[in-house]
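Asker: Sharing entry09.cif here; it has mmCIF, C-alpha atoms.
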data_upload
loop_
_atom_site.label_atom_id
_atom_site.label_comp_id
_atom_site.auth_asym_id
_atom_site.auth_seq_id
_atom_site.Cartn_x
_atom_site.Cartn_y
_atom_site.Cartn_z
CA MET W 147 108.93 121.77 88.60
CA LEU W 148 106.03 121.35 86.19
CA PRO W 149 104.67 124.59 84.72
CA VAL W 150 101.25 125.61 85.94
CA SER W 151 98.84 128.26 84.89
CA PRO W 152 99.14 131.40 87.05
CA ALA W 153 95.35 131.71 87.15
CA PRO W 154 93.68 128.31 86.69
CA SER W 155 90.06 128.11 85.58
CA ILE W 156 87.95 126.79 88.46
CA VAL W 157 85.12 124.39 87.61
CA GLN W 158 82.57 124.04 90.41
CA ILE W 159 80.84 120.66 90.81
CA ASP W 160 77.65 120.88 92.89
CA ALA W 161 76.74 118.53 95.75
CA LEU W 162 74.42 116.21 93.82
CA ALA W 163 76.89 115.78 90.97
CA SER W 164 79.74 115.21 93.46
CA VAL W 165 77.86 112.43 95.27
CA THR W 166 76.83 110.84 91.97
CA LEU W 167 80.43 110.93 90.76
CA ALA W 168 81.57 109.37 94.04
CA ILE W 169 79.21 106.43 93.44
CA LEU W 170 80.54 106.04 89.91
CA LEU W 171 84.13 106.18 91.16
CA PHE W 172 83.37 103.41 93.66
CA PHE W 173 82.26 101.13 90.82
CA ILE W 174 85.30 102.14 88.77
CA GLY W 175 87.48 101.19 91.74
CA LYS W 176 85.67 97.87 92.04
CA ALA W 177 86.22 97.09 88.35
CA THR W 178 89.89 98.14 88.58
CA ALA W 179 90.49 95.93 91.63
CA ALA W 180 88.92 92.96 89.85
CA ARG W 181 91.23 93.47 86.87
CA PHE W 182 94.55 93.77 88.72
CA ASP W 183 95.47 90.90 91.06
CA VAL W 184 97.95 92.99 93.04
CA LEU W 185 95.15 95.27 94.25
CA GLN W 186 93.16 92.28 95.47
CA ARG W 187 96.21 90.64 97.01
CA TYR W 188 96.93 93.63 99.22
CA GLY W 189 93.27 94.34 99.95
CA ILE W 190 93.19 97.93 98.63
CA PRO W 191 89.57 99.14 99.10
CA GLU W 192 87.57 99.98 95.97
CA SER W 193 86.75 103.42 97.36
CA VAL W 194 90.44 104.23 97.76
CA ILE W 195 91.19 103.16 94.20
CA GLY W 196 88.36 105.22 92.72
CA GLY W 197 89.15 108.29 94.82
CA VAL W 198 92.86 108.22 94.01
CA LEU W 199 92.19 107.80 90.28
CA CYS W 200 89.95 110.88 90.38
CA ALA W 201 92.56 112.89 92.28
CA LEU W 202 95.22 111.93 89.73
CA LEU W 203 92.94 112.89 86.83
CA CYS W 204 92.18 116.26 88.43
CA SER W 205 95.91 116.86 88.89
CA LEU W 206 96.50 116.03 85.22
CA LEU W 207 93.82 118.54 84.18
CA TYR W 208 95.39 121.16 86.44
CA TYR W 209 98.90 120.78 85.03
CA ALA W 210 97.96 120.12 81.39
CA ALA W 211 95.03 122.50 80.88
CA GLY W 212 95.07 124.86 83.86
CA ILE W 213 91.66 123.59 85.04
CA GLU W 214 90.98 123.21 88.76
CA ILE W 215 88.05 120.96 89.71
CA ASP W 216 86.31 122.02 92.93
CA PHE W 217 83.87 119.44 94.34
CA SER W 218 81.10 120.26 96.84
CA LEU W 219 81.82 117.72 99.58
CA GLY W 220 79.61 118.91 102.43
CA LEU W 221 77.82 115.56 102.66
CA ARG W 222 81.14 113.84 103.32
CA ASP W 223 81.23 114.84 106.99
CA VAL W 224 77.65 113.64 107.59
CA LEU W 225 78.54 110.24 106.12
CA LEU W 226 81.39 109.98 108.61
CA LEU W 227 79.06 110.62 111.54
CA TYR W 228 76.66 107.90 110.35
CA PHE W 229 79.53 105.43 110.09
CA PHE W 230 80.71 106.00 113.67
CA ALA W 231 77.14 105.98 115.00
CA ALA W 232 76.67 102.58 113.32
CA LEU W 233 79.94 101.38 114.82
CA GLY W 234 78.66 102.35 118.27
CA LEU W 235 75.30 100.63 117.78
CA ASN W 236 77.14 97.43 116.83
CA SER W 237 79.38 97.52 119.92
CA SER W 238 78.01 95.94 123.07
CA ILE W 239 79.68 96.53 126.42
CA GLY W 240 80.11 92.77 126.84
CA GLN W 241 82.02 92.45 123.56
CA LEU W 242 84.27 95.40 124.41
CA PHE W 243 85.60 93.58 127.46
CA SER W 244 85.51 90.01 126.19
CA GLY W 245 89.07 90.19 124.89
CA GLY W 246 90.48 90.12 128.42
CA ARG W 247 94.14 90.77 129.27
CA LEU W 248 95.43 90.64 125.69
CA LEU W 249 92.88 93.23 124.59
CA VAL W 250 93.99 95.62 127.33
CA LEU W 251 97.63 94.95 126.50
CA LEU W 252 97.13 95.64 122.79
CA VAL W 253 95.31 98.89 123.59
CA LEU W 254 98.23 100.00 125.80
CA LEU W 255 100.79 99.06 123.13
CA SER W 256 98.81 100.95 120.49
CA CYS W 257 98.57 104.03 122.72
CA ALA W 258 102.30 103.92 123.41
CA PHE W 259 103.04 103.70 119.71
CA MET W 260 100.70 106.60 118.94
CA LEU W 261 102.80 108.75 121.23
CA ILE W 262 105.96 107.59 119.41
CA GLN W 263 104.29 108.37 116.06
CA ASN W 264 103.40 111.88 117.13
CA LEU W 265 106.76 112.69 118.65
CA ALA W 266 108.46 111.48 115.46
CA GLY W 267 106.13 113.55 113.27
CA MET W 268 106.52 116.69 115.37
CA GLY W 269 110.29 116.29 115.43
CA LEU W 270 110.46 115.92 111.66
CA ALA W 271 108.23 118.96 111.16
CA SER W 272 110.58 121.06 113.27
CA LEU W 273 113.56 119.66 111.36
CA PHE W 274 111.99 120.82 108.09
CA GLY W 275 111.33 124.30 109.51
CA MET W 276 107.57 123.79 109.82
CA ASP W 277 105.21 124.37 112.73
CA HIS W 278 105.90 121.33 114.91
CA ARG W 279 102.15 120.78 115.37
CA ALA W 280 101.86 120.04 111.64
CA GLY W 281 103.79 116.85 112.44
CA LEU W 282 100.65 115.46 114.07
CA MET W 283 99.16 115.22 110.59
CA VAL W 284 101.89 112.71 109.66
CA GLY W 285 101.48 111.06 113.05
CA SER W 286 98.52 109.40 114.71
CA ILE W 287 95.92 111.74 113.16
CA ALA W 288 96.37 110.45 109.61
CA LEU W 289 98.02 107.08 110.24
CA THR W 290 96.34 105.55 113.29
CA GLY W 291 93.23 107.71 113.04
CA GLY W 292 92.70 107.40 109.30
CA VAL W 293 90.70 109.56 106.93
CA GLY W 294 87.90 110.19 109.41
CA THR W 295 90.16 111.54 112.12
CA THR W 296 92.11 113.58 109.54
CA LEU W 297 89.01 115.35 108.26
CA ALA W 298 87.66 115.80 111.78
CA TRP W 299 90.81 117.65 112.94
CA ALA W 300 91.61 119.45 109.67
CA PRO W 301 89.36 122.51 110.27
CA TYR W 302 91.06 123.14 113.62
CA PHE W 303 94.52 122.96 112.03
CA ASN W 304 93.53 125.14 109.08
CA ASP W 305 91.40 127.76 110.83
CA THR W 306 92.61 127.91 114.42
CA LEU W 307 96.29 126.93 114.15
CA GLN W 308 96.62 128.58 110.70
CA ILE W 309 98.48 125.57 109.28
CA GLN W 310 97.53 125.75 105.62
CA GLY W 311 97.28 122.55 103.59
CA ALA W 312 96.81 120.41 106.69
CA THR W 313 93.87 118.55 105.12
CA ASP W 314 95.74 117.48 102.01
CA LEU W 315 98.86 116.68 104.03
CA GLY W 316 96.88 114.34 106.27
CA LEU W 317 94.96 112.68 103.44
CA VAL W 318 98.08 111.98 101.37
CA THR W 319 99.83 110.62 104.46
CA ASN W 320 96.89 108.32 105.15
CA MET W 321 96.83 107.13 101.54
CA VAL W 322 100.53 106.24 101.61
CA GLY W 323 100.11 104.66 105.04
CA LEU W 324 97.21 102.54 103.84
CA VAL W 325 99.24 101.11 100.99
CA SER W 326 102.28 100.62 103.26
CA ALA W 327 100.18 98.74 105.82
CA CYS W 328 98.93 96.39 103.11
CA VAL W 329 102.50 95.75 101.91
CA ILE W 330 104.19 95.09 105.28
CA GLY W 331 101.43 93.36 107.30
CA GLY W 332 101.42 89.86 105.83
CA PRO W 333 105.19 89.64 105.19
CA MET W 334 105.92 90.63 108.81
CA ALA W 335 103.74 87.81 110.15
CA SER W 336 105.18 85.27 107.70
CA TRP W 337 108.74 86.26 108.65
CA LEU W 338 107.96 85.92 112.37
CA ILE W 339 106.43 82.47 111.83
CA ARG W 340 109.49 81.26 109.93
CA ARG W 341 112.05 83.06 112.12
CA HIS W 342 110.73 81.56 115.36
CA ALA W 343 109.63 78.21 113.89
CA ILE W 344 106.10 78.78 115.14
CA GLN W 345 103.60 75.97 114.89
CA ALA W 346 100.78 77.24 112.69
CA SER W 347 97.13 76.74 113.55
CA ALA W 348 95.77 73.24 113.13
CA ASN W 349 92.35 74.71 112.37
CA ALA W 350 92.06 75.35 108.64
CA ASN W 351 88.47 76.58 108.98
CA VAL W 352 89.17 80.31 108.67
CA GLU W 353 86.46 82.64 109.94
CA VAL W 354 87.20 86.23 109.10
CA GLY W 355 85.24 88.84 111.00
CA THR W 356 84.08 86.74 113.96
CA LEU W 357 83.64 89.88 116.06
CA HIS W 358 79.91 90.09 115.43
CA GLY W 359 79.28 86.41 114.87
CA ASP W 360 77.58 84.79 111.92
CA HIS W 361 74.51 86.69 110.81
CA SER W 362 74.23 85.15 107.40
CA ARG W 363 70.63 84.21 108.14
CA ASP W 364 69.69 87.85 108.74
CA ARG W 365 68.02 89.56 105.82
CA LEU W 366 67.05 93.09 104.94
CA ASP W 367 63.46 94.06 105.48
CA TYR W 368 61.54 97.31 105.31
CA HIS W 369 60.87 97.73 109.03
CA GLY W 370 64.37 96.69 110.05
CA VAL W 371 66.08 99.21 107.76
CA LEU W 372 63.67 101.98 108.81
CA LEU W 373 64.26 101.17 112.48
CA ALA W 374 68.03 101.22 111.89
CA LEU W 375 67.79 104.67 110.26
CA PHE W 376 65.70 105.92 113.18
CA TRP W 377 68.26 104.90 115.80
CA LEU W 378 71.17 106.13 113.68
CA ASN W 379 69.50 109.54 113.48
CA VAL W 380 68.91 109.50 117.24
CA ALA W 381 72.60 108.65 117.71
CA LEU W 382 73.63 111.64 115.57
CA MET W 383 71.42 114.02 117.56
CA LEU W 384 72.55 112.61 120.91
CA GLY W 385 76.15 112.64 119.66
CA GLN W 386 75.91 116.35 118.94
CA LEU W 387 74.75 116.96 122.53
CA ILE W 388 77.61 114.83 123.89
CA SER W 389 80.16 116.69 121.73
CA ASN W 390 78.83 120.05 122.94
CA ALA W 391 79.02 118.89 126.55
CA LEU W 392 82.59 117.63 126.09
CA GLY W 393 83.51 120.94 124.46
CA HIS W 394 82.51 122.80 127.62
CA THR W 395 85.06 120.74 129.59
CA GLY W 396 87.91 122.06 127.43
CA LEU W 397 88.39 118.81 125.50
CA ASN W 398 88.80 119.45 121.79
CA LEU W 399 87.41 116.22 120.35
CA PRO W 400 86.12 115.64 116.81
CA GLY W 401 82.38 115.26 116.35
CA PHE W 402 82.52 111.56 115.51
CA VAL W 403 83.58 110.75 119.09
CA GLY W 404 80.22 111.98 120.37
CA CYS W 405 78.36 109.87 117.79
CA LEU W 406 80.43 106.80 118.70
CA LEU W 407 79.67 107.24 122.41
CA ALA W 408 76.00 107.92 121.65
CA GLY W 409 75.76 104.72 119.62
CA ILE W 410 77.27 102.65 122.44
CA ALA W 411 74.94 104.25 125.01
CA LEU W 412 71.89 103.61 122.82
CA ARG W 413 72.95 100.00 122.28
CA SER W 414 73.17 99.45 126.06
CA CYS W 415 69.78 101.06 126.65
CA GLY W 416 68.26 99.34 123.62
CA ASP W 417 69.22 95.87 124.81
CA VAL W 418 67.15 96.56 127.94
CA LEU W 419 64.33 98.27 126.01
CA GLY W 420 64.04 95.43 123.52
CA ARG W 421 62.99 92.96 126.21
CA ARG W 422 59.66 94.76 126.63
CA HIS W 423 59.29 96.85 123.46
CA ALA W 424 60.54 94.78 120.54
CA GLU W 425 58.73 97.07 118.11
CA LEU W 426 61.13 99.89 119.06
CA TRP W 427 64.35 97.86 119.43
CA ASN W 428 64.85 94.64 117.49
CA LEU W 429 68.58 94.21 116.95
CA PRO W 430 68.43 91.06 114.76
CA SER W 431 66.07 92.90 112.42
CA MET W 432 68.08 96.15 112.55
CA ARG W 433 71.57 94.71 112.17
CA PRO W 434 71.49 94.14 108.37
CA GLY W 435 70.19 97.69 107.90
CA ILE W 436 72.86 99.14 110.18
CA ALA W 437 75.54 97.21 108.29
CA LEU W 438 74.18 98.35 104.92
CA VAL W 439 74.06 102.04 105.90
CA SER W 440 77.50 101.77 107.52
CA ASP W 441 79.11 100.19 104.45
CA ILE W 442 77.55 102.69 102.06
CA CYS W 443 78.55 105.67 104.20
CA LEU W 444 82.13 104.46 104.69
CA GLY W 445 82.64 103.67 101.01
CA LEU W 446 81.26 107.00 99.80
CA PHE W 447 83.07 108.89 102.54
CA LEU W 448 86.46 107.46 101.59
CA THR W 449 85.82 108.09 97.90
CA MET W 450 84.74 111.69 98.47
CA ALA W 451 87.65 112.34 100.82
CA LEU W 452 90.24 111.20 98.27
CA MET W 453 88.61 112.56 95.10
CA GLY W 454 88.83 116.05 96.59
CA LEU W 455 92.62 115.86 97.05
CA LYS W 456 94.46 118.73 95.35
CA LEU W 457 97.79 117.01 94.93
CA TRP W 458 99.47 120.01 93.29
CA GLN W 459 99.19 121.92 96.56
CA LEU W 460 101.48 119.32 98.19
CA GLN W 461 104.35 119.81 95.76
CA PRO W 462 106.44 121.85 98.25
CA LEU W 463 105.86 119.16 100.91
CA LEU W 464 106.85 116.05 98.95
CA GLY W 465 110.27 115.86 100.59
CA PHE W 466 108.76 116.15 104.07
CA ILE W 467 106.05 113.55 103.37
CA SER W 468 108.56 111.09 101.88
CA MET W 469 110.92 111.36 104.85
CA ALA W 470 108.07 111.20 107.36
CA MET W 471 106.61 108.03 105.83
CA LEU W 472 110.02 106.36 105.64
CA VAL W 473 110.51 107.02 109.35
CA GLN W 474 106.96 106.04 110.36
CA VAL W 475 106.92 102.75 108.43
CA SER W 476 110.33 101.84 109.85
CA LEU W 477 109.08 102.54 113.37
CA VAL W 478 106.03 100.34 112.80
CA VAL W 479 108.15 97.40 111.64
CA LEU W 480 110.62 97.69 114.53
CA PHE W 481 107.96 98.16 117.21
CA THR W 482 105.85 95.30 115.87
CA VAL W 483 108.66 92.79 115.58
CA LEU W 484 110.56 93.70 118.75
CA VAL W 485 107.73 94.67 121.12
CA VAL W 486 104.24 93.64 119.99
CA PHE W 487 105.13 90.06 119.03
CA ARG W 488 106.81 89.31 122.35
CA ALA W 489 104.23 91.16 124.47
CA MET W 490 101.32 89.31 122.84
CA GLY W 491 102.81 85.90 123.65
CA GLY W 492 105.27 85.11 120.86
CA ASN W 493 102.95 82.43 119.40
CA TYR W 494 100.91 82.00 116.23
CA GLU W 495 98.07 84.25 117.44
CA ALA W 496 100.67 86.92 118.25
CA ALA W 497 102.09 86.70 114.72
CA VAL W 498 98.62 87.20 113.24
CA VAL W 499 98.05 90.16 115.58
CA CYS W 500 101.32 91.61 114.26
CA ALA W 501 99.91 91.42 110.73
CA GLY W 502 96.94 93.45 111.94
CA PHE W 503 99.06 95.91 113.91
CA GLY W 504 100.24 97.48 110.65
CA GLY W 505 96.59 98.17 109.88
CA ILE W 506 96.04 99.68 113.33
CA THR W 507 98.99 102.05 113.08
CA LEU W 508 99.16 102.82 109.36
CA GLY W 509 95.82 102.04 107.77
CA SER W 510 92.38 101.15 109.02
CA THR W 511 90.28 98.37 110.51
CA ALA W 512 89.64 97.05 107.00
CA THR W 513 93.38 96.94 106.29
CA ALA W 514 94.09 95.16 109.56
CA VAL W 515 91.45 92.50 108.90
CA ALA W 516 92.63 92.08 105.30
CA ASN W 517 96.23 91.56 106.47
CA MET W 518 95.21 88.98 109.06
CA GLY W 519 92.96 87.26 106.56
CA ALA W 520 95.85 86.84 104.13
CA VAL W 521 97.95 85.20 106.87
CA THR W 522 95.23 82.90 108.20
CA ARG W 523 94.29 81.70 104.72
CA GLN W 524 97.86 80.46 104.39
CA TYR W 525 98.57 79.21 107.94
CA GLY W 526 95.18 78.56 109.58
CA ALA W 527 92.58 80.25 111.78
CA ALA W 528 93.40 82.69 114.60
CA PRO W 529 90.07 83.48 116.32
CA LEU W 530 91.54 85.49 119.20
CA ALA W 531 93.35 87.85 116.84
CA PHE W 532 90.14 88.45 114.90
CA LEU W 533 88.40 89.30 118.15
CA ILE W 534 90.81 91.78 119.73
CA VAL W 535 92.29 93.61 116.71
CA PRO W 536 88.95 94.91 115.31
CA LEU W 537 87.94 95.95 118.83
CA VAL W 538 91.14 97.94 119.25
CA CYS W 539 90.85 99.48 115.76
CA GLY W 540 87.16 100.15 115.82
CA PHE W 541 86.62 101.56 119.29
CA PHE W 542 89.38 102.02 121.84
CA ILE W 543 91.97 103.61 119.56
CA ASP W 544 89.64 106.32 118.25
CA LEU W 545 88.87 107.53 121.76
CA ALA W 546 92.47 107.27 122.98
CA ASN W 547 93.77 109.01 119.85
CA ALA W 548 91.37 111.93 120.25
CA LEU W 549 92.43 112.43 123.86
CA LEU W 550 96.14 112.14 123.02
CA ILE W 551 95.94 114.65 120.15
CA GLY W 552 94.04 117.13 122.31
CA TRP W 553 96.65 116.79 125.06
CA LEU W 554 99.58 117.26 122.68
CA LEU W 555 97.98 120.35 121.13
CA ARG W 556 97.54 121.88 124.58
#
Let me see the structure of the file written as structure tokens.

Answerer:
Amino acid sequence: MLPVSPAPSIVQIDALASVTLAILLFFIGKATAARFDVLQRYGIPESVIGGVLCALLCSLLYYAAGIEIDFSLGLRDVLLLYFFAALGLNSSIGQLFSGGRLLVLLVLLSCAFMLIQNLAGMGLASLFGMDHRAGLMVGSIALTGGVGTTLAWAPYFNDTLQIQGATDLGLVTNMVGLVSACVIGGPMASWLIRRHAIQASANANVEVGTLHGDHSRDRLDYHGVLLALFWLNVALMLGQLISNALGHTGLNLPGFVGCLLAGIALRSCGDVLGRRHAELWNLPSMRPGIALVSDICLGLFLTMALMGLKLWQLQPLLGFISMAMLVQVSLVVLFTVLVVFRAMGGNYEAAVVCAGFGGITLGSTATAVANMGAVTRQYGAAPLAFLIVPLVCGFFIDLANALLIGWLLR
């Protein structure tokens, strides 16, 4: 064990400096990714790179000089709410059901695997002599849910369940899961294609991100961005009301669920409103602004979440985290190859979906799309996979995961 100072000197970094550093770290991550091909090949986000580098540097300062850096990260949670509100505003009811039978099937498979993830995590926590509920942090909270779900549930685990270190445990699990998803996604699909002699797509015109269509002609303008900010703020306020109402029913759901539902509700009402009052709802004008705010909020959120990691606090849990991730990654590979591939049709589209399934269960929507993009660039387009996987990642799974976690905790 490395020697540490019994009383480290704590250096407080205020909110403005923390946000400014997060922006700098994002650019550092971007420059690092451009320099190392392996980071680009596996699609590691710039925000993750910058945040992890900061966490490692803070750990080095702690062990070498006895200095503990304490960032003020209050804005982080607000950024998360904006991201999910934007996700809701971009999700029309028609799109949510356009995937048909395969979309429903993938949602059911993902829900079934979340239950397997959580049972495995809770069992391992008990095996290591920990509170079995801590296993949820190495289950669907951190892996399927991602950083946002981890930080949304962390206060409940820390304050109500008195499980100390739950935040760092979940964030480190998510970080390892993100990298693991990038490593296994593409190779799984390539192995399935070769193993079953699957005929690859004849369409070499790859279109990544076809969920929202091609809006390359859209451009940012003053009124569109201001209108986007207005409706995002309305979604946050309405989301708070929805979360409070859900809380009275006994459901313990994170705040972002309310913002996601509020965004979807506003989108449905706005599509009707825009027919008569285009000055209040003009989606083509708003969409670039919504996308810009969403991307900025997600990038800064991920950076701030990871830069605040205090890795030295996880030293006693390294054995548990290592074993948990070995088990969880193995379960993902087995379930994907033996169940998901066959259930989704056993064809080329199914193989591409399998590449994305690692992102669903271990990483994020961005990881899933990056994995599928790597496969389709090599073997050809898979438009159905690019439709249903982002829908499952970006909407259905977040709601199902919140309900499942609440049920398991009860």

Asker: Extract, using all atoms listed in the file, all DNA, RNA and protein residues at most 12 Å from Gly269 in chain W, discarding same-chain residues fewer than 6 positions from it, and format them as a ChimeraX atom specification.

Answerer: /W:262-263,275-282,284-285,466,469-470,473-474

Asker: Near Val475 in chain W, counting all atoms listed in the file, which residues have an atom at most 9 Å away, once you skip same-chain residues fewer than 5 positions from it, shown as a compact mmCIF listing (two decimals) with C-alpha atoms, keeping the file's coordinate frame?

Answerer:
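In the end it all went to around-v8.txt:
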# COMPACT_ATOMS: atom_id res chain seq x y z
CA GLY W 323 100.11 104.66 105.04
CA SER W 326 102.28 100.62 103.26
CA ALA W 327 100.18 98.74 105.82
CA ILE W 330 104.19 95.09 105.28
CA ALA W 470 108.07 111.20 107.36
CA LEU W 480 110.62 97.69 114.53
CA GLY W 504 100.24 97.48 110.65
CA LEU W 508 99.16 102.82 109.36

Asker: For this structure, which residues satisfy the selection - the PyMOL selection byres ((chain W and resi 442-454) around 9) - when it is evaluated on the file as given? I want them as a PyMOL selection string.

Answerer: chain W and resi 164-165+167-169+171-172+191-202+204+215-219+221-229+293-294+297+314+317-318+321+437-441+455-456

Asker: For CA of Val535 in chain W and CA of Val499 in chain W, determine how far apart the two atoms are, in Å to one decimal place.

Answerer: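 Between CA of Val535 in chain W and CA of Val499 in chain W the gap works out to 6.8 Å.
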
Asker: Give me, please, the distance in Å between CA of Gly491 in chain W and CA of Asn517 in chain W, quoted to one decimal.

Answerer: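 Atom-to-atom, CA of Gly491 in chain W to CA of Asn517 in chain W, that is 19.2 Å.
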
Asker: What gap, in Å, lies between CA of Ala298 in chain W and CA of Phe402 in chain W?

Answerer: 7.6 Å

Asker: Give me, as a list in words, all polymer residues having an atom no more than 10 Å from Val479 in chain W, counting all atoms listed in the file and skipping those fewer than 2 positions away in the same chain.

Answerer: Ala327, Ile330, Gly331, Met334, Gln474, Val475, Ser476, Leu477, Phe481, Thr482, Val483, Leu484, Val485, Val486, Cys500, Phe503 and Gly504 of chain W

Asker: Run the PyMOL selection byres ((chain W and resi 251) around 12) against the file shown and list the residues it catches, as an MDAnalysis selection string.

Answerer: chainID W and resid 245:250 252:258 485:491 496 499 534:535 538 542

Asker: Could you list the residues chosen by the PyMOL selection byres ((chain W and resi 497) around 8) in this structure as a PyMOL selection string?

Answerer: chain W and resi 335-336+338-339+487+492-496+498-501
